[in-house]
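Each remark here refers to the structure printed beneath this line.
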Amino acid sequence: MKRYDRLKDIQRLDPERDFLEIYRLTATYEFPWDITRALELALYRTYAVPSIGRLLAETAELTGRSQKRYDDTALLLDAVVEHGFDSDPGRTAIRRINRMHRSYDISNDDMRYVLCTFVVTPKRWLDTYGWRRLSGHELRACAAYYRTLGAHMGIKDLPHTYEDFERTLDAYENEHFGWDEGAREVSDATLALMASWYPRPLARVVRGASLALLDDSLLRAFRYGRPGPVARGLTRGALRLRARAVRLLPPRRTPHYARQNPEIKGYPGGYEVSALGTHPTPGTGGCPVRHLRSPDAPAE
């Protein structure tokens, strides 16, 4: 198999009918490392919406249990990619996600925005740092995949095309990005988590490189100083150099799923999908976090 043969296979599939197969090939064969980094950045972007960042700070899921929250999120999303929407693991993962979300006061608009980050951020990452860009087939399949996931999560008024997802994301960020003290705590905890994956002498370098990848809208929202041109140039140049090297490698022959990532550290003995995530006490009468606004949580 040559470097672009799998792309040719993808282009023979129907992106509306075969979206799961296309997305799986793209995420686990063509770009497993890049998709992981892009989805990390996608979730990170959501903290800059104060209603999201504040809730995450109040639950302490990302400030007090950062590694577990990272692991559980990646593994639940990974179960659907690997096994499909109609499989037992896929249905269990979606059920777990829905039950957790229904325990908190999350608006449909915030849920839809988070979904948009999963579609738009990987495309933008690969445009800049991937060994190739996503094809139109892959973009259509990605939109169909997350449109289906959103429907299973009960999210209303879902975007249809990639362009719809992109417009929705940009408009929401323009309107809602802003400062929140709790969101900054969640951001700091996430940067510390990423630095913890590397030997201690590299922790400072990793944090600086992570900040160098953030766009100005995120830096403003979290009130971080703008990294200098040298830090940005070295970080982004290293990623582009990696992309050139990957382009010269033979294509991957086996899939690589998120559960195989070295960053997943909380389940060395294995895990059950049904046990992942938080398990709010039944019968508590709604959201365990105090809020001033009325609930608008999506149905399961």
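Ordering of the structure tokens sets the chain letters (A, B, ...), residue numbers begin anew at 1 in every chain, and ligands are numbered from 1 in the order given.
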
Where does segment 48-110 of chain A meet segment 16-24 of chain A within 9 Å, residue by residue, with the nearest atom pair and distance in Å to one decimal for each, counting only C-alpha atoms, listed by chain and rising number, as JSON lines?
```
{"residue": "A:Val81", "atom": "CA", "partner": "A:Arg24", "partner_atom": "CA", "distance": 6.2}
{"residue": "A:Glu82", "atom": "CA", "partner": "A:Arg24", "partner_atom": "CA", "distance": 7.2}
{"residue": "A:Gly84", "atom": "CA", "partner": "A:Leu20", "partner_atom": "CA", "distance": 7.2}
{"residue": "A:Phe85", "atom": "CA", "partner": "A:Leu20", "partner_atom": "CA", "distance": 8.8}
```

Polymer residues at most 10 Å from segment 183-186 of chain A, only C-alpha atoms, same-chain spacing of 3 or more positions, as a VMD selection string: chain A and resid 44 46 to 58 60 to 64 66 178 to 180 189 to 192 221 to 224

Neighbours of Arg247 of chain A within 9 Å (only C-alpha atoms; same-chain residues fewer than 6 positions away dropped), as a list in words? Arg3, Gly130, Trp131 and Arg132 of chain A

Nearest to Ala42 of chain A, restricted to only C-alpha atoms and choosing among A:Thr26, A:Ser274, A:Ser103, A:Thr121, comes out as A:Thr121

Considering only C-alpha atoms, can you say which of A:Pro227, A:Pro268, A:Gly277, A:Pro15 comes closest to Ala141 of chain A?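 For Ala141 of chain A, the nearest of the given residues is A:Pro15.
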
Can you tell me which residues surround Gly266 of chain A at a distance of at most 10 Å, considering only C-alpha atoms, apart from same-chain residues fewer than 3 positions away, and format the answer as a list in words? Gln67, Lys68, Arg69, Tyr70, Asp71, Asp72, Glu263, Gly269, Gly270 and Tyr271 of chain A

Keeping only all heavy atoms, write those residues as a short mmCIF file (atom, residue, chain, number, x, y, z; two decimals), in the first residue's frame.
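Saved file again.cif follows:
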```cif
data_model
loop_
_atom_site.label_atom_id
_atom_site.label_comp_id
_atom_site.auth_asym_id
_atom_site.auth_seq_id
_atom_site.Cartn_x
_atom_site.Cartn_y
_atom_site.Cartn_z
N GLN A 67 -6.78 13.85 35.31
CA GLN A 67 -6.42 12.68 34.51
C GLN A 67 -7.62 11.78 34.29
O GLN A 67 -7.82 11.28 33.17
CB GLN A 67 -5.30 11.90 35.20
CG GLN A 67 -4.77 10.71 34.39
CD GLN A 67 -4.05 11.14 33.12
OE1 GLN A 67 -3.06 11.85 33.17
NE2 GLN A 67 -4.55 10.70 31.96
N LYS A 68 -8.42 11.54 35.32
CA LYS A 68 -9.60 10.69 35.16
C LYS A 68 -10.58 11.30 34.18
O LYS A 68 -11.14 10.61 33.32
CB LYS A 68 -10.28 10.45 36.50
CG LYS A 68 -11.57 9.64 36.37
CD LYS A 68 -12.17 9.27 37.71
CE LYS A 68 -13.57 8.69 37.57
NZ LYS A 68 -13.67 7.61 36.57
N ARG A 69 -10.81 12.60 34.28
CA ARG A 69 -11.74 13.25 33.35
C ARG A 69 -11.23 13.12 31.92
O ARG A 69 -12.00 12.85 30.99
CB ARG A 69 -11.94 14.71 33.73
CG ARG A 69 -12.72 15.55 32.71
CD ARG A 69 -14.14 15.01 32.48
NE ARG A 69 -14.79 15.71 31.40
CZ ARG A 69 -15.73 16.64 31.57
NH1 ARG A 69 -16.12 16.98 32.78
NH2 ARG A 69 -16.28 17.23 30.53
N TYR A 70 -9.93 13.33 31.72
CA TYR A 70 -9.34 13.19 30.38
C TYR A 70 -9.53 11.77 29.87
O TYR A 70 -9.99 11.56 28.73
CB TYR A 70 -7.86 13.55 30.42
CG TYR A 70 -7.16 13.35 29.10
CD1 TYR A 70 -7.09 14.38 28.17
CD2 TYR A 70 -6.58 12.12 28.77
CE1 TYR A 70 -6.45 14.19 26.95
CE2 TYR A 70 -5.95 11.92 27.56
CZ TYR A 70 -5.89 12.96 26.65
OH TYR A 70 -5.28 12.76 25.44
N ASP A 71 -9.17 10.80 30.69
CA ASP A 71 -9.28 9.40 30.29
C ASP A 71 -10.71 9.03 29.93
O ASP A 71 -10.97 8.42 28.87
CB ASP A 71 -8.80 8.48 31.41
CG ASP A 71 -7.30 8.58 31.68
OD1 ASP A 71 -6.60 9.25 30.89
OD2 ASP A 71 -6.84 7.99 32.67
N ASP A 72 -11.64 9.37 30.81
CA ASP A 72 -13.03 8.96 30.61
C ASP A 72 -13.62 9.59 29.35
O ASP A 72 -14.34 8.92 28.59
CB ASP A 72 -13.88 9.33 31.82
CG ASP A 72 -13.56 8.47 33.04
OD1 ASP A 72 -12.76 7.52 32.91
OD2 ASP A 72 -14.08 8.76 34.13
N GLU A 263 -1.22 8.71 26.82
CA GLU A 263 -1.78 9.71 27.74
C GLU A 263 -2.90 9.14 28.61
O GLU A 263 -3.26 9.73 29.62
CB GLU A 263 -2.31 10.92 26.96
CG GLU A 263 -1.25 11.69 26.20
CD GLU A 263 -0.95 11.10 24.83
OE1 GLU A 263 -1.70 10.20 24.38
OE2 GLU A 263 0.04 11.53 24.20
N GLY A 269 -5.26 -1.77 34.27
CA GLY A 269 -5.79 -3.12 34.27
C GLY A 269 -7.00 -3.31 33.39
O GLY A 269 -7.64 -4.37 33.42
N GLY A 270 -7.33 -2.30 32.58
CA GLY A 270 -8.51 -2.36 31.73
C GLY A 270 -9.69 -1.63 32.34
O GLY A 270 -9.61 -1.11 33.47
N TYR A 271 -10.79 -1.56 31.62
CA TYR A 271 -11.94 -0.79 32.07
C TYR A 271 -13.21 -1.35 31.44
O TYR A 271 -13.17 -2.06 30.44
CB TYR A 271 -11.79 0.69 31.69
CG TYR A 271 -11.69 0.91 30.20
CD1 TYR A 271 -12.83 1.17 29.43
CD2 TYR A 271 -10.46 0.82 29.54
CE1 TYR A 271 -12.74 1.34 28.06
CE2 TYR A 271 -10.37 1.00 28.17
CZ TYR A 271 -11.51 1.25 27.43
OH TYR A 271 -11.44 1.41 26.06
#
```

So, with only C-alpha atoms as the atoms that count, which of A:Ala74, A:Ser187, A:Ala27, A:Pro250 lies closest to Tyr145 of chain A? A:Ala27

Proximity to Ala171 of chain A - best of A:Asp109, A:Asp215, A:Asp157, A:Asp9, only C-alpha atoms: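 Selected residue with least distance to Ala171 of chain A: A:Asp109.
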
Residues at most 12 Å from Ala258 of chain A, counting only C-alpha atoms, excluding those fewer than 4 positions away in the same chain, as number ranges by chain? A: 24, 27-29, 31-37, 39-40, 70-82, 262-265

Separation of atom CA of Pro251 of chain A from atom CA of Tyr4 of chain A in Å: 8.0 Å

Distance atom CA of Leu134 of chain A-atom CA of Thr161 of chain A, one decimal place? 14.6 Å

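Taking atom CA of Ile106 of chain A and atom CA of Ile155 of chain A as endpoints, the distance between them is 10.9 Å.
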
Pick from A:Arg167, A:Lys8, A:Arg45, A:Arg112, whichever lies nearest to Arg147 of chain A using only C-alpha atoms: A:Arg112

Give the helix (DSSP H, G or I) residues of segment 43-146 of chain A, as DSSP finds them on the backbone, and put them as a ChimeraX atom specification. /A:43-46,50-59,66-83,88-101,108-129,136-146

Shortest interatomic distance to Asn108 of chain A - which of A:Met153, A:His137, A:Arg96, A:Gly90, counting only C-alpha atoms: A:Met153
